[in-house]
Every structure is written in structure tokens, then in C-alpha cells.
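Notes follow the structure.
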Amino acid sequence: MSSAHLHLHAQSAEDLLTQLAAVDISVPLSDEGRTTPHRERYMVARLLSTLADSDFLQYPLRLEHREKPDFGLFSAGSAVGIECVEATHEEWAQIQAVRDRDFPDELVFLPMLRPGQTTFTMEERVEIASGVRAGPPWVGKMAENQWVDAMVHFIAKKTEKLRKGNYSEFPTNWLVIQDEWPVPLSYPEKRMAAAGRCIDAARPFLEHHCFSNIFIGDSSGLIHLTPRGASMLEVRDLWR
């Protein structure tokens with residue numbers, strides 16, 4: 001089994017945090033052996049460290065890295081499936097890979113990408129990665145709108161799988177989204193405004209047969225989405 005898999009048994013929040021702090025959650029570059037388990041380990045380790053002493057977790061607990069869903073979280077009489085997804089665009093991933101390999105020091109302008117759509121040729125992607133191709137102006141609520149569209153896209157795709165029975169082994173499931181969508185939306189207040197709009201846009205996927213909790217994480221924060229609203233949790237970064 002890949003060394004990137006994450007399995008834990010913890011007796012308390014303190015025990016969980018101690019074990020997590022000892023885990024290497026680094027994610028290699030795409031051309032240095034990055035795998036899906038690397039990304040999943042990163043997402044769930046940061047999630048659990050943030051929730052360690054919250055009402056979301058009960059002890060003792062056991063975490064199992066697996067498939068469909070990506071993790072099983074077991075504690076006294078309960079079992080929760082955790083599915084992970086990286087919210088990025090294939091074109092942006094290719095642009096980043098080219099930049100990492102050939103233009104690591106160049107300033108890249110953020111392109112405008114639509115989930116599920118192809119925008120640029122391979123030549124244009126190289127131009128973006130090299131910093132030659134300038135990006136568009138981001139004005140008004142353009143960044144917020146595109147972020148909402150992207151998050152709803154990934155929530156919808158995973159909820160469709162949930163409703164088809166992909167994760168039916170677990171009575172309760174959570175969705176963890178790693179937000180790598182390329183938009184200039186760095187201020188917390190703007191992200192929270194977008195998260196509020198995301199709830200309205202994703203409402204059909206947040207009710208009835210759905211994920212009981214959705215967490216959207218970036219480098220510093222963790223947004224918790226439910227049909228009732230959104231809240232921001234500061235990530236407990238044990239690996240800084």
C-alpha cells in the first residue's frame with residue numbers, strides 16, 4: 001500500500017493531534033511522483049487537526065484510508081465516510097505543471113476557466129505558464145461568480161455519485177473539497193460572501209440525500225457549508 005495512505009487510531013484529541021503532527025502531509029509536484037493518496041492525506045489531515053477538539057469528532061476514533069469513499073471515520077457506534085476532491089481545472093493543472101518544470105520563476109496571470117469546459121490550446125497554456133500571455137481583468141463580482149460556479153460543479157458531481165450509491169456503505173458521508181480554483185478571491189470576507197451564495201446555488205445538492213457536511217479548504221481556512229449557512233474555521237496547521 002502506498003506510503004501516502006493515512007491510517008490512525010486515536011484515544012483523544014491530544015492523541016490525534018500528536019499523531020497528525022508526526023505525519024508528512026507534503027504533496028510532491030506533478031512530475032515528482034504526486035498521487036491521489038498524497039492529496040487525500042493532505043486534505044483529511046488538515047481537516048482532522050482543525051476539528052480535533054470539536055463536536056464533529058468522538059473518541060476513541062479510527063481513520064481508514066480506502067476507496068469509495070476515500071476514508072472511513074469510525075468512533076463509538078458511528079461510521080462516517082469522507083470523500084475528497086480537488087477543485088481545480090485540468091487546464092490549470094497543466095499550466096502549473098509546465099510552469100513548475102520550465103518557468104518556475106515567472107509571474108503567471110490567472111486565466112478565466114469554466115468547470116467542464118476547455119478554453120485554451122496547448123500552445124496558449126504554455127504562453128500562460130511562461131508569463132507571456134496576460135490574464136483578463138477581474139472586475140466586480142467576476143471572481144466570486146466563477147468560484148461559486150466551480151464549487152457547485154464539484155458538489156454536484158460528487159452528490160450525483162452519492163445518490164447513485166457509490167458511498168452507501170456509510171450511513172453518513174462528508175465531502176472535503178480542496179480549493180485550488182484559479183480566481184483572485186483571497187480575502188476571507190469575499191470568500192465568505194461567495195460561500196453564502198454557493199449555498200443558494202447548490203441548494204438542490206445540500207438537501208434530502210446529500211453529504212451531511214461539506215468542507216472547502218484552502219491554504220489557511222476551512223469553510224463549513226450546510227443548508228443552514230456557512231462558517232469559517234481557521235485551520236490548525238501542525239506542519240508549519
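Residues are named by chain letter and number: chains run A, B, ... in the order of the C-alpha cells, numbers start at 1 in each chain, and ligands are numbered from 1 in the order shown.
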Inset, instruction - Using DSSP on the backbone coordinates, identify the residues of stretch 136-188 of chain A assigned to strand (DSSP E or B); present them as a PyMOL selection string. - result: chain A and resi 172-179
Find the nearest atom pair between each residue of stretch 111-167 of chain A and stretch 67-73 of chain A for residues within 10 Å, count only C-alpha atoms, give distances in Å to one decimal, sort rows by chain and ascending number, and present the table as a tab-separated table.
residue	atom	partner	partner_atom	distance
A:Lys161	CA	A:Lys68	CA	9.6
A:Leu162	CA	A:Pro69	CA	9.3
A:Gly165	CA	A:Lys68	CA	9.7
A:Asn166	CA	A:Lys68	CA	6.1
A:Tyr167	CA	A:Lys68	CA	5.6
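When the distance limit is 9 Å and only C-alpha atoms are what count, the residues near A:Trp239, minus those fewer than 4 positions from it on the same chain, are Leu20, Ala21, Ala22, Val23, Asp24 and Ile25 of chain A.
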Take the residues that were just selected and, keeping N, CA and C atoms, output them as a JSON list (two decimals), in the first residue's frame.
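For reference, result_26.json as written:
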[["chain", "number", "residue", "atom", "x", "y", "z"],
["A", 20, "LEU", "N", -1.03, 13.29, 14.19],
["A", 20, "LEU", "CA", -1.09, 14.04, 12.94],
["A", 20, "LEU", "C", 0.17, 14.89, 12.74],
["A", 21, "ALA", "N", 0.67, 15.47, 13.80],
["A", 21, "ALA", "CA", 1.86, 16.31, 13.70],
["A", 21, "ALA", "C", 3.07, 15.53, 13.21],
["A", 22, "ALA", "N", 3.06, 14.22, 13.44],
["A", 22, "ALA", "CA", 4.18, 13.37, 13.03],
["A", 22, "ALA", "C", 4.05, 12.86, 11.60],
["A", 23, "VAL", "N", 2.91, 13.14, 10.96],
["A", 23, "VAL", "CA", 2.67, 12.66, 9.60],
["A", 23, "VAL", "C", 3.21, 13.66, 8.59],
["A", 24, "ASP", "N", 3.90, 13.17, 7.59],
["A", 24, "ASP", "CA", 4.35, 14.01, 6.48],
["A", 24, "ASP", "C", 3.18, 14.18, 5.51],
["A", 25, "ILE", "N", 2.60, 15.37, 5.48],
["A", 25, "ILE", "CA", 1.45, 15.58, 4.60],
["A", 25, "ILE", "C", 1.84, 16.34, 3.33]]
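All residues within stretch 170-230 of chain A that the backbone DSSP calculation assigns to helix (DSSP H, G or I) are Pro188, Glu189, Lys190, Arg191, Met192, Ala193, Ala194, Ala195, Gly196, Arg197, Cys198, Ile199, Asp200, Ala201, Arg203, Pro204 and Phe205 of chain A.
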Could you turn the residues from that selection into a file that holds N, CA and C atoms, as a PDB file, in the first residue's frame?
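The resulting file, result_26.pdb, is shown below:
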ATOM      1  N   PRO A 188     -10.783  36.842   3.273  1.00  0.00           N
ATOM      2  CA  PRO A 188     -11.779  35.987   3.942  1.00  0.00           C
ATOM      3  C   PRO A 188     -13.210  36.479   3.788  1.00  0.00           C
ATOM      4  N   GLU A 189     -13.413  37.787   3.860  1.00  0.00           N
ATOM      5  CA  GLU A 189     -14.781  38.296   3.761  1.00  0.00           C
ATOM      6  C   GLU A 189     -15.381  38.050   2.377  1.00  0.00           C
ATOM      7  N   LYS A 190     -14.545  38.096   1.344  1.00  0.00           N
ATOM      8  CA  LYS A 190     -15.036  37.818  -0.011  1.00  0.00           C
ATOM      9  C   LYS A 190     -15.333  36.329  -0.179  1.00  0.00           C
ATOM     10  N   ARG A 191     -14.493  35.490   0.420  1.00  0.00           N
ATOM     11  CA  ARG A 191     -14.734  34.046   0.348  1.00  0.00           C
ATOM     12  C   ARG A 191     -16.021  33.680   1.081  1.00  0.00           C
ATOM     13  N   MET A 192     -16.279  34.324   2.203  1.00  0.00           N
ATOM     14  CA  MET A 192     -17.493  34.015   2.938  1.00  0.00           C
ATOM     15  C   MET A 192     -18.736  34.520   2.205  1.00  0.00           C
ATOM     16  N   ALA A 193     -18.603  35.663   1.548  1.00  0.00           N
ATOM     17  CA  ALA A 193     -19.725  36.146   0.736  1.00  0.00           C
ATOM     18  C   ALA A 193     -20.015  35.165  -0.387  1.00  0.00           C
ATOM     19  N   ALA A 194     -18.951  34.657  -1.000  1.00  0.00           N
ATOM     20  CA  ALA A 194     -19.125  33.679  -2.071  1.00  0.00           C
ATOM     21  C   ALA A 194     -19.707  32.383  -1.516  1.00  0.00           C
ATOM     22  N   ALA A 195     -19.283  31.992  -0.315  1.00  0.00           N
ATOM     23  CA  ALA A 195     -19.801  30.757   0.284  1.00  0.00           C
ATOM     24  C   ALA A 195     -21.288  30.859   0.546  1.00  0.00           C
ATOM     25  N   GLY A 196     -21.744  32.027   0.985  1.00  0.00           N
ATOM     26  CA  GLY A 196     -23.173  32.216   1.200  1.00  0.00           C
ATOM     27  C   GLY A 196     -23.955  32.064  -0.092  1.00  0.00           C
ATOM     28  N   ARG A 197     -23.434  32.597  -1.161  1.00  0.00           N
ATOM     29  CA  ARG A 197     -24.082  32.456  -2.461  1.00  0.00           C
ATOM     30  C   ARG A 197     -24.009  31.019  -2.954  1.00  0.00           C
ATOM     31  N   CYS A 198     -22.933  30.335  -2.591  1.00  0.00           N
ATOM     32  CA  CYS A 198     -22.768  28.941  -3.004  1.00  0.00           C
ATOM     33  C   CYS A 198     -23.873  28.072  -2.410  1.00  0.00           C
ATOM     34  N   ILE A 199     -24.265  28.343  -1.180  1.00  0.00           N
ATOM     35  CA  ILE A 199     -25.336  27.572  -0.547  1.00  0.00           C
ATOM     36  C   ILE A 199     -26.630  27.691  -1.351  1.00  0.00           C
ATOM     37  N   ASP A 200     -26.947  28.900  -1.759  1.00  0.00           N
ATOM     38  CA  ASP A 200     -28.175  29.090  -2.543  1.00  0.00           C
ATOM     39  C   ASP A 200     -28.079  28.382  -3.891  1.00  0.00           C
ATOM     40  N   ALA A 201     -26.923  28.500  -4.546  1.00  0.00           N
ATOM     41  CA  ALA A 201     -26.759  27.906  -5.875  1.00  0.00           C
ATOM     42  C   ALA A 201     -26.724  26.383  -5.819  1.00  0.00           C
ATOM     43  N   ARG A 203     -28.237  24.506  -3.485  1.00  0.00           N
ATOM     44  CA  ARG A 203     -29.315  24.021  -2.625  1.00  0.00           C
ATOM     45  C   ARG A 203     -29.858  22.650  -3.029  1.00  0.00           C
ATOM     46  N   PRO A 204     -30.071  22.357  -4.325  1.00  0.00           N
ATOM     47  CA  PRO A 204     -30.591  21.033  -4.696  1.00  0.00           C
ATOM     48  C   PRO A 204     -29.680  19.878  -4.265  1.00  0.00           C
ATOM     49  N   PHE A 205     -28.390  20.180  -4.011  1.00  0.00           N
ATOM     50  CA  PHE A 205     -27.433  19.137  -3.649  1.00  0.00           C
ATOM     51  C   PHE A 205     -27.106  19.148  -2.156  1.00  0.00           C
TER      52      PHE A 205
END
Legend entry - Point-to-point distance in Å for atom CA of A:Arg240 and atom CA of A:Ile223: 19.9 Å
Inset, instruction - Might you pull out every residue within 10 Å of A:Phe120, with only C-alpha atoms counted and same-chain residues fewer than 4 positions away left off, and present them as a PyMOL selection string? - result: chain A and resi 91-92+111-113+124-126+128
Legend entry - Pairwise distance for atom CA of A:Arg34 and atom CA of A:Ala87, rounded to one decimal in Å: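 According to the coordinates, atom CA of A:Arg34 and atom CA of A:Ala87 are separated by 16.2 Å.
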Inset, instruction - Report the distance between atom CA of A:Arg101 and atom CA of A:Met43 in Å, rounded to one decimal place. - result: 24.5 Å
Legend entry - Long-range neighbours of A:Val235 as a VMD selection string, 7 Å cut-off, only C-alpha atoms, 5 positions minimum in chain: chain A and resid 46 50 220 to 222
Inset, instruction - Fewer than 2 positions away in the same chain doesn't count, so skip those; otherwise give me all residues within 8 Å of A:Val152, counting only C-alpha atoms, as a ChimeraX atom specification. - result: /A:148-150,154-156,198,201-202
Legend entry - Option closest in space to A:Asp100, from A:Gln58, A:Gln117, A:Ser168, A:Leu29 [counting only C-alpha atoms]: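 Ranked by minimum distance to A:Asp100, first place goes to A:Leu29.
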Legend entry - Close residues, A:His38 itself excluded, 8 Å, only C-alpha atoms, min 4 positions apart in chain, as number ranges by chain: A: 4-5, 25-28, 34, 42
